[in-house]
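Undergrad: A single structure is presented below for examination.
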Amino acid sequence: MPEPAVRIENLWKAYDGVQALQGLSLAAFEGEIVGLIGPNGAGKTTAIKIIVGLLRWDRGDVFVLGHNVLEDSISYKEHIGYMPEAPALPEYLTTSEFLGYVGRVRNVPKEQLPGRVSELLHDFELTGKAKETVATLSKGMRAKLAFAAATIHKPQLLILDEPLLGIDPAGQRMLKDRLVGMAKQGCSILVSTHQLDTAERLCTKVAIIHRGKNVATGDLESLRGQVHAGEHQTLEEIFLKLTEEAGQPEPEMPRRKGLFARK
Amino acid sequence: MSNVLTLLTYKVKLFFAPSYRGKYGPLPLLALMILFVPSGAGMGYAFGAYIDTLGTEQVTETLGAAMSAMLAFGFVFSLGVGITAQPSELDFLMTSPIKSREYLIADLLFQLTSIMLAGGVAMFAALIGLLGGMGAPMVRAIPLALVMAAYGLMIVLIIQSITIARIRYPNARVRQLTLVLLVLSAVAMLPALGASIGIDFADLPIPQAAFAALANSAIFGTSSDVQSLVVAGVFFAAIGVLWLKMSKMYFFYGIKPTLSGGFGQVDMGTKMAQQRRMIGLFGGLTDKIALRTDVGGDLSLMTRLSLVRIWRDGSIVFVILLLGLFVGIGLWGSSSSEEQTGMDYNTLQGATWPIAILAINWCYYERENLWIPVVGGRSLVTYFRGLMTSLVLIGLAMSAFMIAIRALVQMRVDMAELAFMMLAPVGTSVFAAILLTRVRVKPGAFSPGLLVVLFVTFIGGAGIAFAGSLVVGAVGGGSYAVAVIQATITAVIAISVYYVGQLAVSNLSRTFKFQ
């Protein structure tokens with residue numbers, strides 16, 4: 001059995017006493033495109049932020065590309081790419097400067113950097129915007145730029161949080177084709193999305209997250225089997241059935257503390 | 001008009017809610033209101049005592065300058081946002097079937113309400129203080145308050161009318177006309193500042209002069225002259241008629257969200273939108289300097305990245321404006337005083353506050369972008385070292401400019417003074433970078449982080465500058481050889497402070513918490 005690119009075991013994380021993750025376990029292997037789907041507040045973004053090193057967790061184990069993230073929280077990042085949901089981008093840089101900056105941070109050799117930047121700008125139809133600042137880009141162009149930045153160093157593991165938001169159909173198609181191509185070359189991809197039809201067609205495996213737990217994992221066939229669904233049932237129907245079975249979301253706890261806390 | 005109260009309530013709640021829903025409830029707001037009462041009363045008393053020493057004409061002139069300043073502020077406001085609207089108002093209220101005039105009245109009442117709630121107590125204290133300083137009966141506060149309220153109302157009507165005209169008639173050069181009026185208002189302040197230009201503004205039929213004369217009558221308890229009453233009345237009526245006409249027009253599509261997210265708060269979404277606007281505004285000029293990512297070492301890259309940001313996002317404009325302000329005040333002070341004070345407060349402010357402002361801007365504009373090096377597997381050591389270096393470079397450039405101006409004016413440079421001016425920005429930058437690795441500034445005037453960054457950087461920079469200049473001054477002076485020794489000592493201290501700062505920043509940034 002090969003070592004998974006990402007392995008999460010019994011992960012727990014709370015914010016101000018509210019449990020965001022409650023024993024989440026997950027694995028993604030080389031060449032897989034794993035879709036993380038779940039209702040709002042299920043814990044998808046929390047899990048992703050833990051994997052990329054932006055959040056500390058309370059309990060559990062996280063292994064990325066064979067590294068225990070708790071023990072070695074830096075070196076594994078050289079091989080991962082990350083595209084956050086609604087990414088904060090340095091508005092003042094031009095698109096080519098931004099990609100160059102990320103390339104430097106991602107240890108792309110200096111001599112290869114101009115060529116790689118040009119290649120990505122061309123691939124994502126941003127060549128005409130090479131000398132324009134990020135501030136002038138449309139929402140879709142910003143998403144494409146963030147995607148390009150996430151892949152500039154040809155990562156072994158690509159983690160995407162709602163990557164298709166705000167991108168036009170042609171752009172979505174291009175990104176999906178690119179993801180499939182990268183997976184074929186051995187890149188593992190973890191993608192959080194609310195677009196269930198996309199997840200159904202794009203992902204080789206889907207993990208349904210609900211209330212901070214993984215309630216089901218597998219390809220569409222195995223998910224159908226887990227819920228005893230017919231062969232024509234869609235991922236959307238399976239998702240709704242699984243999340244309804246798991247119950248309604250718990251009411252949100254008041255987060256404010258102090259003298260004048262909301263009652 | 002049925003929606004006015006609903007709109008007003010929404011605006012007031014939106015504006016004040018953040019300030020009383022904090023950890024300590026309404027206490028900070030109350031504290032702020034009370035905090036300004038003594039200073040309001042004190043300033044009013046001092047102004048009253050000053051007025052008491054002047055003749056009637058000079059009082060009218062002084063009041064006219066204050067009225068002109070208020071009008072100029074109104075023109076500045078109408079060139080910017082003009083009508084206050086939070087982002088949520090644009091999304092939900094302005095897409096509802098409410099009439100333009102309803103919204104304008106609600107906004108007008110909101111502006112008056114917010115001014116009264118935020119500063120009303122202090123303003124009343126200032127008014128009482130002013131009359132107390134003059135030894136005048138307190139009952140005169142009533143007519144004076146009425147004159148000021150009428151003038152304030154007229155200014156708000158002007159602001160709203162200009163804003164609507166700007167939106168509805170984009171080709172009518174409303175902006176240019178407003179700029180002209182702004183300049184004229186500023187010129188009308190000059191005589192009170194001691195710069196006579198041969199025009200007696202008090203005799204001109206302009207609103208600020210007329211209202212100043214009315215305020216003068218209210219303060220001294222004399223009867224108002226007919227000419228001032230007529231001029232003030234005509235202007236008020238004309239602007240009222242203009243407003244009645246303009247307020248029927250639909251203008252919601254041209255409103256830009258206000259920067260403030262509430263009393264003492266800043267909406268980050270709006271702040272980012274403002275940054276985008278600034279980048280767009282300066283784009284043609286600022287993109288002439290490019291960031292080469294394929295050359296130089298990591299420290300060089302991060303330093304250049306920080307410099308490019310400050311250059312392109314408009315932060316440099318604030319630096320230049322602040323520096324110009326302090327240099328201008330310094331020059332004015334030195335021209336009006338026989339004494340040449342080198343290490344004065346203005347110099348210190350010019351060498352420190354711009355750096356502190358840059359540090360605050362970094363928190364607002366750049367901190368969120370740190371996810372890029374964080375997930376890139378880079379420690380933030382080089383990033384923060386580059387940030388500190390960029391602040392030092394900008395600070396030294398500012399100081400070099402101030403030294404050049406001082407040398408031109410005084411035709412000499414004192415070495416202790418030079419040491420002071422070179423060490424202040426270095427020390428300030430070091431403290432700023434150290435604090436940025438630890439302090440998180442929440443967007444708001446009540447943010448302890450913001451106050452810490454502002455004042456600790458200032459005090460830290462001042463401390464290093466004073467200590468360094470004392471050392472340099474203790475060497476003596478007079479000869480060329482001593483000056484060389486003093487310059488060497490200054491350079492050694494500056495480099496030492498820089499390197500100690502780099503060490504401290506390196507250590508602290510290793511444990512920087514991004515989220």
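Naming works like this for the structure tokens: A, B, ... for the chains as they're shown, residue 1 at the start of each chain, ligands 1 onward in shown order.
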Go through chain A and flag each residue having an atom no more than 6 Å from chain B; for those, report the closest pair of atoms plus their distance in Å to one decimal, using only C-alpha atoms, ordered by chain and rising number, as CSV.
TA:
```
residue,atom,partner,partner_atom,distance
A:Val52,CA,B:Val375,CA,5.9
A:Ile74,CA,B:Gly377,CA,4.9
A:Lys77,CA,B:Gly377,CA,4.7
A:Glu78,CA,B:Gly377,CA,5.8
A:Ala88,CA,B:Asn369,CA,5.7
A:Leu89,CA,B:Asn369,CA,6.0
A:Tyr92,CA,B:Arg309,CA,5.8
A:Gly100,CA,B:Thr293,CA,5.3
A:Tyr101,CA,B:Thr293,CA,5.8
A:Val105,CA,B:Gly376,CA,5.9
A:Arg106,CA,B:Gly376,CA,5.4
A:Lys110,CA,B:Asp294,CA,4.8
A:Ala135,CA,B:Arg276,CA,5.2
A:Gly258,CA,B:Lys23,CA,5.5
A:Phe260,CA,B:Gly25,CA,5.5
```
Undergrad: For Gly53 (chain A), please output as a list in words all residues within 8 Å (counting only C-alpha atoms; exclusion window: fewer than 3 positions along the same chain).
TA: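 With the cut-off at 8 Å, the set is Lys49, Ile50, Arg56, Val69 and Ser73 of chain A; Val374 and Val375 of chain B.
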Undergrad: Residues at most 10 Å from Glu417 (chain B), counting only C-alpha atoms, excluding those fewer than 2 positions away in the same chain, as a list of chain:residue names?
TA: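 Everything that qualifies: B:Thr341, B:Gly342, B:Met343, B:Asp344, B:Thr347, B:Ile403, B:Val413, B:Asp414, B:Met415, B:Ala419, B:Phe420, B:Met421, B:Met422, B:Leu423, B:Ala465, B:Phe466, B:Gly468, B:Ser469, B:Leu470, B:Val472, B:Gly473.
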Undergrad: How would the residues just chosen look if you wrote them out with C-alpha atoms as an mmCIF file, in the first residue's frame?
TA:
```
data_model
loop_
_atom_site.group_PDB
_atom_site.id
_atom_site.type_symbol
_atom_site.label_atom_id
_atom_site.label_comp_id
_atom_site.auth_asym_id
_atom_site.auth_seq_id
_atom_site.Cartn_x
_atom_site.Cartn_y
_atom_site.Cartn_z
ATOM 1 C CA THR B 341 15.872 75.059 17.278
ATOM 2 C CA GLY B 342 17.401 72.077 15.593
ATOM 3 C CA MET B 343 16.054 69.144 17.555
ATOM 4 C CA ASP B 344 12.563 70.522 17.797
ATOM 5 C CA THR B 347 11.656 67.584 13.210
ATOM 6 C CA ILE B 403 18.424 68.073 6.498
ATOM 7 C CA VAL B 413 24.153 71.787 9.699
ATOM 8 C CA ASP B 414 24.787 71.042 13.335
ATOM 9 C CA MET B 415 26.213 67.519 13.727
ATOM 10 C CA ALA B 419 22.589 62.676 14.213
ATOM 11 C CA PHE B 420 19.156 63.296 15.695
ATOM 12 C CA MET B 421 17.481 63.446 12.296
ATOM 13 C CA MET B 422 19.250 60.368 10.929
ATOM 14 C CA LEU B 423 18.773 58.207 14.016
ATOM 15 C CA ALA B 465 17.475 59.879 18.442
ATOM 16 C CA PHE B 466 17.870 61.797 21.698
ATOM 17 C CA GLY B 468 22.427 59.315 19.887
ATOM 18 C CA SER B 469 22.432 63.087 19.520
ATOM 19 C CA LEU B 470 23.545 63.466 23.142
ATOM 20 C CA VAL B 472 27.393 63.026 19.292
ATOM 21 C CA GLY B 473 26.917 66.401 20.971
#
```
Undergrad: I need the residues in region 30-92 of chain A that are strand (DSSP E) according to DSSP; give them as a VMD selection string.
TA: chain A and resid 33 to 37 59 to 64 67 to 68 80 to 83
Undergrad: With all heavy atoms retained, could you export that selection as a short mmCIF file (atom, residue, chain, number, x, y, z; two decimals), in the first residue's frame?
TA:
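part.cif was written with the following content:
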```cif
data_model
loop_
_atom_site.label_atom_id
_atom_site.label_comp_id
_atom_site.auth_asym_id
_atom_site.auth_seq_id
_atom_site.Cartn_x
_atom_site.Cartn_y
_atom_site.Cartn_z
N ILE A 33 -7.86 12.83 -7.44
CA ILE A 33 -8.50 14.15 -7.24
C ILE A 33 -9.60 13.90 -6.21
O ILE A 33 -10.61 13.24 -6.50
CB ILE A 33 -9.10 14.72 -8.53
CG1 ILE A 33 -8.04 14.84 -9.62
CG2 ILE A 33 -9.73 16.08 -8.26
CD1 ILE A 33 -8.57 15.36 -10.96
N VAL A 34 -9.36 14.38 -5.00
CA VAL A 34 -10.30 14.12 -3.90
C VAL A 34 -11.15 15.37 -3.66
O VAL A 34 -10.62 16.46 -3.41
CB VAL A 34 -9.56 13.73 -2.60
CG1 VAL A 34 -10.55 13.51 -1.47
CG2 VAL A 34 -8.72 12.50 -2.83
N GLY A 35 -12.44 15.20 -3.77
CA GLY A 35 -13.35 16.33 -3.53
C GLY A 35 -13.81 16.36 -2.09
O GLY A 35 -14.24 15.35 -1.55
N LEU A 36 -13.67 17.52 -1.47
CA LEU A 36 -14.21 17.69 -0.11
C LEU A 36 -15.54 18.42 -0.26
O LEU A 36 -15.57 19.57 -0.70
CB LEU A 36 -13.28 18.56 0.74
CG LEU A 36 -11.93 18.01 1.13
CD1 LEU A 36 -11.19 19.03 1.99
CD2 LEU A 36 -12.08 16.71 1.89
N ILE A 37 -16.62 17.76 0.07
CA ILE A 37 -17.91 18.44 -0.02
C ILE A 37 -18.62 18.37 1.32
O ILE A 37 -18.41 17.46 2.11
CB ILE A 37 -18.79 17.88 -1.17
CG1 ILE A 37 -19.11 16.42 -0.94
CG2 ILE A 37 -18.14 18.09 -2.51
CD1 ILE A 37 -20.10 15.88 -1.97
N ARG A 59 -6.03 18.22 18.36
CA ARG A 59 -5.73 16.81 18.57
C ARG A 59 -5.72 16.09 17.22
O ARG A 59 -6.43 16.52 16.30
CB ARG A 59 -6.83 16.19 19.46
CG ARG A 59 -6.33 15.17 20.42
CD ARG A 59 -7.22 14.93 21.65
NE ARG A 59 -8.56 15.38 21.64
CZ ARG A 59 -9.63 14.57 21.67
NH1 ARG A 59 -9.46 13.26 21.62
NH2 ARG A 59 -10.85 15.06 21.77
N GLY A 60 -4.98 14.99 17.14
CA GLY A 60 -4.96 14.23 15.89
C GLY A 60 -3.62 14.31 15.19
O GLY A 60 -2.69 14.94 15.70
N ASP A 61 -3.52 13.64 14.04
CA ASP A 61 -2.26 13.60 13.29
C ASP A 61 -2.48 14.06 11.85
O ASP A 61 -3.51 13.75 11.25
CB ASP A 61 -1.71 12.17 13.27
CG ASP A 61 -1.26 11.75 14.66
OD1 ASP A 61 -0.50 12.50 15.28
OD2 ASP A 61 -1.74 10.69 15.13
N VAL A 62 -1.48 14.77 11.34
CA VAL A 62 -1.53 15.21 9.95
C VAL A 62 -0.20 14.85 9.29
O VAL A 62 0.86 15.27 9.74
CB VAL A 62 -1.76 16.74 9.85
CG1 VAL A 62 -1.84 17.18 8.39
CG2 VAL A 62 -3.02 17.17 10.59
N PHE A 63 -0.30 14.05 8.23
CA PHE A 63 0.89 13.69 7.47
C PHE A 63 0.71 14.17 6.03
O PHE A 63 -0.31 13.89 5.41
CB PHE A 63 1.08 12.16 7.46
CG PHE A 63 1.31 11.59 8.84
CD1 PHE A 63 0.24 11.15 9.62
CD2 PHE A 63 2.59 11.48 9.35
CE1 PHE A 63 0.44 10.63 10.89
CE2 PHE A 63 2.81 10.96 10.63
CZ PHE A 63 1.73 10.54 11.40
N VAL A 64 1.70 14.91 5.55
CA VAL A 64 1.65 15.39 4.17
C VAL A 64 2.93 14.97 3.47
O VAL A 64 4.03 15.29 3.94
CB VAL A 64 1.48 16.92 4.12
CG1 VAL A 64 1.47 17.40 2.67
CG2 VAL A 64 0.20 17.36 4.80
N HIS A 67 5.59 13.58 5.58
CA HIS A 67 6.08 14.38 6.71
C HIS A 67 5.01 14.49 7.78
O HIS A 67 3.85 14.74 7.46
CB HIS A 67 6.44 15.80 6.27
CG HIS A 67 7.57 15.87 5.32
ND1 HIS A 67 7.44 15.59 3.98
CD2 HIS A 67 8.86 16.22 5.51
CE1 HIS A 67 8.61 15.75 3.39
NE2 HIS A 67 9.48 16.14 4.30
N ASN A 68 5.42 14.32 9.02
CA ASN A 68 4.52 14.63 10.12
C ASN A 68 4.52 16.15 10.28
O ASN A 68 5.53 16.75 10.65
CB ASN A 68 5.00 13.95 11.40
CG ASN A 68 4.05 14.18 12.56
OD1 ASN A 68 3.33 15.18 12.59
ND2 ASN A 68 4.03 13.24 13.49
N ILE A 80 3.85 21.55 -2.02
CA ILE A 80 2.39 21.71 -2.11
C ILE A 80 2.04 23.04 -2.77
O ILE A 80 2.79 24.02 -2.69
CB ILE A 80 1.70 21.62 -0.72
CG1 ILE A 80 2.08 22.81 0.18
CG2 ILE A 80 1.99 20.31 -0.03
CD1 ILE A 80 1.20 22.96 1.40
N GLY A 81 0.91 23.05 -3.42
CA GLY A 81 0.37 24.30 -3.98
C GLY A 81 -0.96 24.56 -3.30
O GLY A 81 -1.66 23.62 -2.93
N TYR A 82 -1.28 25.83 -3.12
CA TYR A 82 -2.52 26.16 -2.38
C TYR A 82 -3.21 27.35 -3.02
O TYR A 82 -2.59 28.37 -3.31
CB TYR A 82 -2.15 26.47 -0.93
CG TYR A 82 -3.27 27.06 -0.09
CD1 TYR A 82 -4.50 26.42 0.01
CD2 TYR A 82 -3.08 28.24 0.62
CE1 TYR A 82 -5.52 26.96 0.80
CE2 TYR A 82 -4.08 28.78 1.42
CZ TYR A 82 -5.30 28.13 1.49
OH TYR A 82 -6.30 28.66 2.27
N MET A 83 -4.49 27.20 -3.22
CA MET A 83 -5.30 28.31 -3.70
C MET A 83 -6.45 28.51 -2.70
O MET A 83 -7.35 27.68 -2.62
CB MET A 83 -5.87 28.00 -5.08
CG MET A 83 -6.77 29.10 -5.62
SD MET A 83 -7.47 28.60 -7.21
CE MET A 83 -8.64 29.91 -7.46
#
```
Undergrad: Run DSSP on the backbone of this structure and report the residues of region 59-169 of chain A it assigns to alpha helix (DSSP H), as number ranges by chain.
TA: A: 95-105, 113-123, 139-151, 169
Undergrad: Compile the contact shell of Asp219 (chain A) as an mmCIF file with N, CA, C and O atoms, in the first residue's frame: residues with an atom at most 10 Å away, counting only C-alpha atoms, same-chain residues fewer than 6 positions apart removed.
TA:
```cif
data_model
loop_
_atom_site.group_PDB
_atom_site.id
_atom_site.type_symbol
_atom_site.label_atom_id
_atom_site.label_comp_id
_atom_site.auth_asym_id
_atom_site.auth_seq_id
_atom_site.Cartn_x
_atom_site.Cartn_y
_atom_site.Cartn_z
ATOM 1 N N VAL A 34 -9.359 14.381 -4.997
ATOM 2 C CA VAL A 34 -10.303 14.119 -3.905
ATOM 3 C C VAL A 34 -11.151 15.373 -3.665
ATOM 4 O O VAL A 34 -10.617 16.461 -3.414
ATOM 5 N N GLY A 35 -12.442 15.204 -3.772
ATOM 6 C CA GLY A 35 -13.352 16.334 -3.531
ATOM 7 C C GLY A 35 -13.814 16.360 -2.087
ATOM 8 O O GLY A 35 -14.238 15.346 -1.550
ATOM 9 N N GLU A 200 -18.768 15.456 -9.063
ATOM 10 C CA GLU A 200 -19.155 14.134 -9.567
ATOM 11 C C GLU A 200 -18.361 13.757 -10.810
ATOM 12 O O GLU A 200 -17.929 12.623 -10.968
ATOM 13 N N CYS A 203 -13.875 14.511 -9.776
ATOM 14 C CA CYS A 203 -13.115 13.872 -8.700
ATOM 15 C C CYS A 203 -13.100 12.352 -8.839
ATOM 16 O O CYS A 203 -14.106 11.737 -9.206
ATOM 17 N N THR A 204 -11.955 11.792 -8.506
ATOM 18 C CA THR A 204 -11.871 10.327 -8.503
ATOM 19 C C THR A 204 -12.435 9.776 -7.199
ATOM 20 O O THR A 204 -12.817 8.622 -7.108
ATOM 21 N N LYS A 205 -12.476 10.638 -6.189
ATOM 22 C CA LYS A 205 -12.969 10.208 -4.868
ATOM 23 C C LYS A 205 -13.590 11.430 -4.196
ATOM 24 O O LYS A 205 -13.129 12.550 -4.412
ATOM 25 N N VAL A 206 -14.614 11.188 -3.412
ATOM 26 C CA VAL A 206 -15.275 12.295 -2.738
ATOM 27 C C VAL A 206 -15.355 11.998 -1.239
ATOM 28 O O VAL A 206 -15.636 10.857 -0.846
ATOM 29 N N ALA A 207 -15.063 13.009 -0.429
ATOM 30 C CA ALA A 207 -15.235 12.872 1.027
ATOM 31 C C ALA A 207 -16.344 13.820 1.451
ATOM 32 O O ALA A 207 -16.263 15.024 1.176
ATOM 33 N N GLY A 225 -23.288 2.652 -2.801
ATOM 34 C CA GLY A 225 -23.380 1.426 -2.011
ATOM 35 C C GLY A 225 -23.576 1.720 -0.528
ATOM 36 O O GLY A 225 -24.361 1.064 0.162
ATOM 37 N N LEU A 235 -24.719 12.500 -7.146
ATOM 38 C CA LEU A 235 -23.955 12.828 -5.938
ATOM 39 C C LEU A 235 -24.763 13.780 -5.045
ATOM 40 O O LEU A 235 -24.717 13.683 -3.815
#
```
Undergrad: Can you work out the spacing between CA of Thr457 (chain B) and CA of Gly324 (chain B) in Å, to one decimal?
TA: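 Answer for the CA of Thr457 (chain B) to CA of Gly324 (chain B) separation: 20.3 Å.
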Undergrad: Nearest to Ser100 (chain B) among B:Lys248, B:Gly198, B:Ala46, B:Asn216, with distances taken over only C-alpha atoms: which residue is it?
TA: B:Lys248
Undergrad: Any idea what's packed within 9 Å of Glu89 (chain B), counting only C-alpha atoms, ignoring anything in its chain fewer than 4 positions away? Could you give it as number ranges by chain?
TA: B: 10-11, 85, 93-95, 257
Undergrad: Quick one: pull the distance between CA of Leu8 (chain B) and CA of Ser114 (chain B), Å, one decimal.
TA: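 Atom-to-atom, CA of Leu8 (chain B) and CA of Ser114 (chain B) are spaced 10.5 Å apart.
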Undergrad: Find the spatial neighbours of Tyr103 (chain B), counting only C-alpha atoms, within a cut-off of 12 Å - ignore same-chain residues fewer than 2 positions away - and output them as a PyMOL selection string.
TA: chain B and resi 1-11+83-85+89-90+93-101+105-110+160+247-252+255
Undergrad: Do you have the CA of Leu158 (chain A)-CA of Ser188 (chain A) distance handy?
TA: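 CA of Ser188 (chain A) lies at a distance of 6.2 Å from CA of Leu158 (chain A).
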Undergrad: Excluding His79 (chain A) and its own-chain neighbours fewer than 3 positions away, which residues fall within 8 Å of it when counting only C-alpha atoms? Please give them as a PyMOL selection string.
TA: chain A and resi 76+153-157
Undergrad: With only C-alpha atoms as the atoms that count, which of B:Leu63, B:Val180, B:Leu321, B:Met116 lies nearest to Ser217 (chain B)?
TA: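 That would be B:Leu63, the residue with the smallest distance to Ser217 (chain B).
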